[in-house]
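Data block for start.cif (mmCIF, N, CA, C and O atoms):
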```
data_query
loop_
_atom_site.label_atom_id
_atom_site.label_comp_id
_atom_site.auth_asym_id
_atom_site.auth_seq_id
_atom_site.Cartn_x
_atom_site.Cartn_y
_atom_site.Cartn_z
N MET A 2 46.63 111.36 88.22
CA MET A 2 48.02 111.45 88.62
C MET A 2 48.84 112.24 87.59
O MET A 2 49.61 113.10 87.96
N ALA A 3 48.65 111.92 86.32
CA ALA A 3 49.43 112.61 85.28
C ALA A 3 49.14 114.11 85.29
O ALA A 3 50.06 114.92 85.18
N ARG A 4 47.89 114.47 85.43
CA ARG A 4 47.51 115.90 85.43
C ARG A 4 48.13 116.61 86.64
O ARG A 4 48.62 117.72 86.52
N SER A 5 48.12 115.98 87.79
CA SER A 5 48.70 116.63 88.98
C SER A 5 50.21 116.77 88.84
O SER A 5 50.79 117.78 89.27
N MET A 6 50.88 115.79 88.22
CA MET A 6 52.32 115.91 87.97
C MET A 6 52.60 117.05 86.99
O MET A 6 53.53 117.82 87.17
N TRP A 7 51.78 117.15 85.95
CA TRP A 7 51.95 118.22 84.96
C TRP A 7 51.79 119.58 85.64
O TRP A 7 52.59 120.48 85.44
N THR A 8 50.75 119.71 86.46
CA THR A 8 50.50 120.97 87.15
C THR A 8 51.67 121.34 88.06
O THR A 8 52.04 122.51 88.15
N LEU A 9 52.26 120.35 88.68
CA LEU A 9 53.38 120.58 89.59
C LEU A 9 54.66 120.97 88.85
O LEU A 9 55.36 121.91 89.24
N PHE A 10 54.97 120.28 87.76
CA PHE A 10 56.27 120.45 87.11
C PHE A 10 56.28 121.36 85.89
O PHE A 10 57.34 121.82 85.47
N GLU A 11 55.15 121.62 85.27
CA GLU A 11 55.13 122.46 84.07
C GLU A 11 55.73 123.85 84.30
O GLU A 11 56.48 124.34 83.46
N PRO A 12 55.46 124.52 85.43
CA PRO A 12 56.08 125.83 85.63
C PRO A 12 57.61 125.77 85.63
O PRO A 12 58.27 126.67 85.11
N VAL A 13 58.19 124.73 86.18
CA VAL A 13 59.64 124.57 86.20
C VAL A 13 60.14 124.25 84.79
O VAL A 13 61.12 124.82 84.30
N HIS A 14 59.44 123.35 84.12
CA HIS A 14 59.78 122.96 82.76
C HIS A 14 59.74 124.16 81.82
O HIS A 14 60.62 124.35 80.99
N ALA A 15 58.72 125.00 81.95
CA ALA A 15 58.54 126.14 81.05
C ALA A 15 59.70 127.13 81.16
O ALA A 15 60.05 127.78 80.16
N VAL A 16 60.30 127.25 82.32
CA VAL A 16 61.42 128.17 82.51
C VAL A 16 62.56 127.86 81.53
O VAL A 16 63.24 128.74 81.04
N THR A 17 62.72 126.58 81.22
CA THR A 17 63.80 126.15 80.34
C THR A 17 63.69 126.77 78.95
O THR A 17 64.69 126.99 78.29
N TYR A 18 62.49 127.04 78.48
CA TYR A 18 62.30 127.48 77.10
C TYR A 18 61.77 128.90 76.95
O TYR A 18 62.05 129.54 75.95
N PHE A 19 60.98 129.37 77.90
CA PHE A 19 60.19 130.57 77.66
C PHE A 19 60.64 131.83 78.39
O PHE A 19 60.00 132.86 78.28
N THR A 20 61.74 131.79 79.12
CA THR A 20 62.20 132.99 79.81
C THR A 20 63.19 133.77 78.96
O THR A 20 63.83 133.22 78.05
N ALA A 21 63.33 135.04 79.26
CA ALA A 21 64.30 135.88 78.55
C ALA A 21 65.72 135.38 78.75
O ALA A 21 66.55 135.42 77.84
N GLU A 22 66.01 134.86 79.94
CA GLU A 22 67.35 134.35 80.23
C GLU A 22 67.68 133.13 79.35
O GLU A 22 68.80 133.00 78.85
N ALA A 23 66.70 132.25 79.19
CA ALA A 23 66.92 131.08 78.34
C ALA A 23 67.14 131.50 76.90
O ALA A 23 68.07 131.03 76.24
N ARG A 24 66.33 132.39 76.41
CA ARG A 24 66.46 132.89 75.02
C ARG A 24 67.83 133.52 74.83
O ARG A 24 68.50 133.29 73.82
N SER A 25 68.27 134.30 75.79
CA SER A 25 69.58 134.95 75.71
C SER A 25 70.70 133.91 75.66
O SER A 25 71.65 134.02 74.87
N ALA A 26 70.60 132.88 76.49
CA ALA A 26 71.62 131.82 76.50
C ALA A 26 71.65 131.08 75.18
O ALA A 26 72.73 130.78 74.65
N TYR A 27 70.50 130.78 74.62
CA TYR A 27 70.45 130.11 73.31
C TYR A 27 71.09 130.99 72.24
O TYR A 27 71.86 130.51 71.41
N GLU A 28 70.77 132.27 72.26
CA GLU A 28 71.33 133.19 71.26
C GLU A 28 72.84 133.32 71.41
O GLU A 28 73.56 133.37 70.43
N GLN A 29 73.33 133.35 72.65
CA GLN A 29 74.78 133.41 72.87
C GLN A 29 75.48 132.15 72.37
O GLN A 29 76.64 132.18 72.01
N ALA A 30 74.75 131.05 72.34
CA ALA A 30 75.30 129.79 71.82
C ALA A 30 75.18 129.71 70.30
O ALA A 30 75.56 128.71 69.71
N GLY A 31 74.65 130.77 69.68
CA GLY A 31 74.54 130.80 68.23
C GLY A 31 73.21 130.30 67.68
O GLY A 31 73.07 130.11 66.48
N LEU A 32 72.25 130.08 68.55
CA LEU A 32 70.93 129.60 68.14
C LEU A 32 69.99 130.79 68.00
O LEU A 32 69.43 131.26 68.99
N ARG A 33 69.85 131.30 66.81
CA ARG A 33 69.03 132.48 66.56
C ARG A 33 67.56 132.12 66.42
O ARG A 33 67.22 131.17 65.72
N GLY A 34 66.71 132.86 67.10
CA GLY A 34 65.28 132.64 67.02
C GLY A 34 64.81 131.65 68.07
O GLY A 34 65.54 130.76 68.49
N PHE A 35 63.58 131.83 68.49
CA PHE A 35 63.02 131.00 69.55
C PHE A 35 63.08 129.50 69.24
O PHE A 35 63.50 128.70 70.06
N TRP A 36 62.62 129.11 68.06
CA TRP A 36 62.48 127.69 67.76
C TRP A 36 63.80 126.95 67.72
O TRP A 36 63.88 125.79 68.11
N ARG A 37 64.86 127.57 67.27
CA ARG A 37 66.17 126.89 67.27
C ARG A 37 66.60 126.57 68.70
O ARG A 37 67.09 125.48 68.98
N GLY A 38 66.43 127.53 69.61
CA GLY A 38 66.76 127.28 71.01
C GLY A 38 65.84 126.24 71.63
O GLY A 38 66.28 125.38 72.40
N TYR A 39 64.58 126.31 71.29
CA TYR A 39 63.60 125.36 71.83
C TYR A 39 63.97 123.93 71.43
O TYR A 39 64.05 123.03 72.28
N PHE A 40 64.20 123.71 70.14
CA PHE A 40 64.53 122.36 69.68
C PHE A 40 65.87 121.89 70.24
O PHE A 40 66.03 120.73 70.60
N ALA A 41 66.85 122.78 70.30
CA ALA A 41 68.15 122.40 70.86
C ALA A 41 68.02 122.02 72.33
O ALA A 41 68.58 121.01 72.77
N GLY A 42 67.27 122.80 73.09
CA GLY A 42 67.08 122.51 74.50
C GLY A 42 66.33 121.21 74.73
O GLY A 42 66.64 120.45 75.65
N ARG A 43 65.35 120.94 73.89
CA ARG A 43 64.58 119.70 74.04
C ARG A 43 65.38 118.48 73.62
O ARG A 43 65.22 117.41 74.16
N ALA A 44 66.26 118.63 72.62
CA ALA A 44 67.02 117.49 72.10
C ALA A 44 68.31 117.23 72.87
O ALA A 44 68.84 116.12 72.82
N ALA A 45 68.80 118.20 73.60
CA ALA A 45 70.09 118.07 74.29
C ALA A 45 70.19 116.81 75.17
O ALA A 45 71.22 116.14 75.15
N PRO A 46 69.15 116.44 75.93
CA PRO A 46 69.29 115.24 76.76
C PRO A 46 69.46 113.94 75.96
O PRO A 46 69.87 112.93 76.52
N LEU A 47 69.18 113.98 74.66
CA LEU A 47 69.35 112.79 73.84
C LEU A 47 70.81 112.51 73.51
O LEU A 47 71.15 111.43 73.05
N GLY A 48 71.67 113.49 73.72
CA GLY A 48 73.09 113.33 73.41
C GLY A 48 73.44 114.02 72.11
O GLY A 48 72.65 114.75 71.54
N VAL A 49 74.63 113.76 71.63
CA VAL A 49 75.13 114.38 70.42
C VAL A 49 74.37 113.82 69.22
O VAL A 49 74.27 112.61 69.06
N ALA A 50 73.84 114.70 68.38
CA ALA A 50 73.14 114.23 67.17
C ALA A 50 74.17 113.85 66.13
O ALA A 50 75.03 114.63 65.78
N GLY A 51 74.10 112.62 65.68
CA GLY A 51 75.05 112.14 64.68
C GLY A 51 74.38 111.16 63.75
O GLY A 51 73.17 111.01 63.74
N ALA A 52 75.17 110.47 62.98
CA ALA A 52 74.63 109.53 62.00
C ALA A 52 74.01 108.31 62.66
O ALA A 52 73.03 107.77 62.19
N SER A 53 74.59 107.85 63.76
CA SER A 53 74.01 106.69 64.45
C SER A 53 74.50 106.66 65.89
O SER A 53 75.49 107.28 66.23
N GLY A 54 73.80 105.93 66.70
CA GLY A 54 74.21 105.77 68.09
C GLY A 54 75.36 104.79 68.24
O GLY A 54 75.99 104.73 69.28
N ALA A 55 75.64 104.03 67.22
CA ALA A 55 76.68 103.00 67.31
C ALA A 55 78.06 103.58 67.57
O ALA A 55 78.84 103.01 68.33
N ALA A 56 78.36 104.72 66.97
CA ALA A 56 79.68 105.32 67.13
C ALA A 56 79.94 105.69 68.59
O ALA A 56 80.99 105.40 69.15
N ALA A 57 78.96 106.31 69.22
CA ALA A 57 79.13 106.70 70.62
C ALA A 57 79.17 105.49 71.53
O ALA A 57 79.95 105.43 72.47
N ALA A 58 78.33 104.50 71.24
CA ALA A 58 78.32 103.30 72.07
C ALA A 58 79.66 102.59 71.98
O ALA A 58 80.21 102.13 72.99
N GLY A 59 80.23 102.51 70.79
CA GLY A 59 81.54 101.89 70.62
C GLY A 59 82.63 102.66 71.32
O GLY A 59 83.51 102.08 71.97
N ALA A 60 82.58 103.98 71.23
CA ALA A 60 83.58 104.81 71.90
C ALA A 60 83.48 104.67 73.41
O ALA A 60 84.49 104.56 74.10
N ALA A 61 82.26 104.63 73.93
CA ALA A 61 82.07 104.48 75.37
C ALA A 61 82.58 103.12 75.84
O ALA A 61 83.22 103.00 76.88
N ALA A 62 82.30 102.08 75.05
CA ALA A 62 82.75 100.74 75.42
C ALA A 62 84.27 100.65 75.42
O ALA A 62 84.86 99.90 76.19
N ALA A 63 84.91 101.45 74.55
CA ALA A 63 86.36 101.44 74.47
C ALA A 63 87.00 102.34 75.52
O ALA A 63 88.21 102.46 75.60
N GLY A 64 86.16 103.01 76.32
CA GLY A 64 86.67 103.87 77.39
C GLY A 64 87.01 105.28 76.93
O GLY A 64 87.70 106.01 77.63
N ALA A 65 86.52 105.67 75.77
CA ALA A 65 86.79 107.02 75.27
C ALA A 65 86.02 108.05 76.08
O ALA A 65 84.92 107.78 76.55
N ALA A 66 86.63 109.21 76.26
CA ALA A 66 85.96 110.29 76.97
C ALA A 66 84.89 110.89 76.06
O ALA A 66 84.97 110.79 74.85
N GLY A 67 83.92 111.53 76.66
CA GLY A 67 82.89 112.20 75.88
C GLY A 67 81.52 111.66 76.22
O GLY A 67 81.38 110.81 77.10
N PRO A 68 80.51 112.16 75.51
CA PRO A 68 79.16 111.73 75.82
C PRO A 68 78.98 110.24 75.59
O PRO A 68 79.50 109.68 74.65
N ALA A 69 78.23 109.61 76.47
CA ALA A 69 78.01 108.17 76.37
C ALA A 69 76.94 107.85 75.34
O ALA A 69 76.78 106.71 74.96
N SER A 70 76.19 108.86 74.90
CA SER A 70 75.13 108.58 73.94
C SER A 70 75.24 109.52 72.75
O SER A 70 75.74 110.62 72.84
N GLU A 71 74.77 109.03 71.64
CA GLU A 71 74.70 109.82 70.42
C GLU A 71 73.38 109.49 69.78
O GLU A 71 73.09 108.33 69.50
N ALA A 72 72.55 110.47 69.60
CA ALA A 72 71.25 110.24 68.99
C ALA A 72 71.36 110.40 67.49
O ALA A 72 72.02 111.30 67.00
N SER A 73 70.72 109.50 66.76
CA SER A 73 70.72 109.66 65.32
C SER A 73 69.85 110.87 64.96
O SER A 73 68.97 111.27 65.73
N ALA A 74 70.10 111.44 63.81
CA ALA A 74 69.29 112.56 63.35
C ALA A 74 67.82 112.15 63.28
O ALA A 74 66.93 112.93 63.61
N ALA A 75 67.56 110.92 62.88
CA ALA A 75 66.18 110.43 62.79
C ALA A 75 65.52 110.38 64.15
O ALA A 75 64.34 110.71 64.29
N VAL A 76 66.26 109.98 65.18
CA VAL A 76 65.70 109.91 66.53
C VAL A 76 65.37 111.31 67.03
O VAL A 76 64.31 111.55 67.61
N VAL A 77 66.27 112.25 66.80
CA VAL A 77 66.02 113.63 67.22
C VAL A 77 64.79 114.17 66.51
O VAL A 77 63.90 114.75 67.13
N ALA A 78 64.73 113.99 65.20
CA ALA A 78 63.57 114.49 64.44
C ALA A 78 62.28 113.80 64.91
O ALA A 78 61.25 114.46 65.07
N ALA A 79 62.34 112.50 65.15
CA ALA A 79 61.15 111.76 65.59
C ALA A 79 60.67 112.20 66.96
O ALA A 79 59.47 112.10 67.25
N SER A 80 61.57 112.69 67.79
CA SER A 80 61.16 113.13 69.12
C SER A 80 60.25 114.34 69.07
O SER A 80 59.56 114.66 70.02
N PHE A 81 60.23 115.00 67.91
CA PHE A 81 59.35 116.15 67.70
C PHE A 81 58.19 115.78 66.78
O PHE A 81 57.78 116.56 65.93
N PHE A 82 57.66 114.57 66.96
CA PHE A 82 56.61 114.04 66.09
C PHE A 82 55.40 114.94 66.00
O PHE A 82 54.67 114.91 65.02
N ASN A 83 55.16 115.74 67.01
CA ASN A 83 53.98 116.59 67.01
C ASN A 83 54.18 117.88 66.21
O ASN A 83 53.25 118.66 66.08
N PHE A 84 55.37 118.07 65.64
CA PHE A 84 55.65 119.20 64.76
C PHE A 84 55.79 118.67 63.33
O PHE A 84 56.22 117.52 63.14
N ALA A 85 55.50 119.49 62.36
CA ALA A 85 55.72 119.10 60.96
C ALA A 85 57.21 118.87 60.75
O ALA A 85 58.02 119.71 61.16
N PRO A 86 57.60 117.76 60.13
CA PRO A 86 59.03 117.46 59.93
C PRO A 86 59.78 118.59 59.23
O PRO A 86 60.92 118.90 59.59
N ALA A 87 59.18 119.22 58.24
CA ALA A 87 59.85 120.32 57.52
C ALA A 87 60.08 121.51 58.45
O ALA A 87 61.10 122.20 58.34
N PHE A 88 59.17 121.72 59.39
CA PHE A 88 59.33 122.82 60.35
C PHE A 88 60.55 122.58 61.22
O PHE A 88 61.37 123.45 61.43
N VAL A 89 60.70 121.35 61.71
CA VAL A 89 61.86 121.00 62.54
C VAL A 89 63.14 121.09 61.70
O VAL A 89 64.14 121.64 62.14
N ALA A 90 63.09 120.55 60.49
CA ALA A 90 64.27 120.52 59.63
C ALA A 90 64.79 121.92 59.32
O ALA A 90 66.01 122.12 59.25
N THR A 91 63.91 122.88 59.15
CA THR A 91 64.37 124.24 58.85
C THR A 91 64.93 124.94 60.07
O THR A 91 65.62 125.93 59.93
N ARG A 92 64.66 124.41 61.24
CA ARG A 92 65.21 124.99 62.46
C ARG A 92 66.54 124.35 62.82
O ARG A 92 67.38 124.97 63.43
N HIS A 93 66.74 123.11 62.44
CA HIS A 93 68.02 122.43 62.65
C HIS A 93 68.26 121.39 61.58
O HIS A 93 68.09 120.20 61.80
N PRO A 94 68.66 121.83 60.39
CA PRO A 94 68.82 120.90 59.27
C PRO A 94 69.80 119.77 59.56
O PRO A 94 69.59 118.65 59.11
N ARG A 95 70.87 120.00 60.32
CA ARG A 95 71.84 118.93 60.53
C ARG A 95 71.28 117.78 61.34
O ARG A 95 71.74 116.67 61.26
N TRP A 96 70.24 118.03 62.14
CA TRP A 96 69.63 116.96 62.91
C TRP A 96 68.76 116.08 62.04
O TRP A 96 68.53 114.94 62.34
N CYS A 97 68.21 116.68 60.99
CA CYS A 97 67.19 115.99 60.23
C CYS A 97 67.69 115.49 58.88
O CYS A 97 66.91 115.12 58.02
N GLY A 98 68.99 115.53 58.67
CA GLY A 98 69.56 115.01 57.43
C GLY A 98 69.35 115.91 56.24
O GLY A 98 69.52 115.49 55.11
N SER A 99 68.96 117.17 56.45
CA SER A 99 68.75 118.09 55.34
C SER A 99 69.99 118.90 55.06
O SER A 99 70.77 119.15 55.91
#
```

Let me see the structure of the file written as structure tokens.
Amino acid sequence: MARSMWTLFEPVHAVTYFTAEARSAYEQAGLRGFWRGYFAGRAAPLGVAGASGAAAAGAAAAGAAGPASEASAAVVAASFFNFAPAFVATRHPRWCGS
């Protein structure tokens, strides 16, 4: 089942990171180089990277506008466990506390 799902969705998933249009959009957003755009695109669904998720949770509970979630820098870095931490940190130091 997992392999058939991967075969079905990987072509759609790959468009997000590997097309010229995606690279151009990342660069227009100030993300220079493939890896910066890749990590930003992969981490975006986690919410705003900040010191802790507590700030966003408190703001959401108080009815403040804005993202309902805030991922800690550690959570964002950990989501890329299959990459060397220093490699991720040099692509987005603010996410990794560097």

Practice prompt. Apply the PyMOL selection byres (((chain A and resi 34-45 and name CA) around 10) and name CA) to the file shown and report the selected residues as a ChimeraX atom specification.
Written response: /A:17-19,23-28,30-33,46-50,72,76-78,80-81,88-89,91-93,96

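The coordinates place atom O of His14 in chain A at 22.1 Å from atom N of Pro86 in chain A.
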
The centre and edge lengths of an axis-aligned box containing all atoms of range 9-23 of chain A present in the file, extended by 3 Å on each side, are to be given in Å to one decimal, as JSON.
```
{"center_x": 60.5, "center_y": 128.1, "center_z": 82.8, "size_x": 22.5, "size_y": 21.6, "size_z": 19.6}
```

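Atom pair atom O of Ala90 in chain A / atom C of Phe10 in chain A: separated by 28.4 Å.
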
Worksheet entry | Atomic separation - atom N of Gln29 in chain A relative to atom C of Val16 in chain A, Å | 15.0 Å
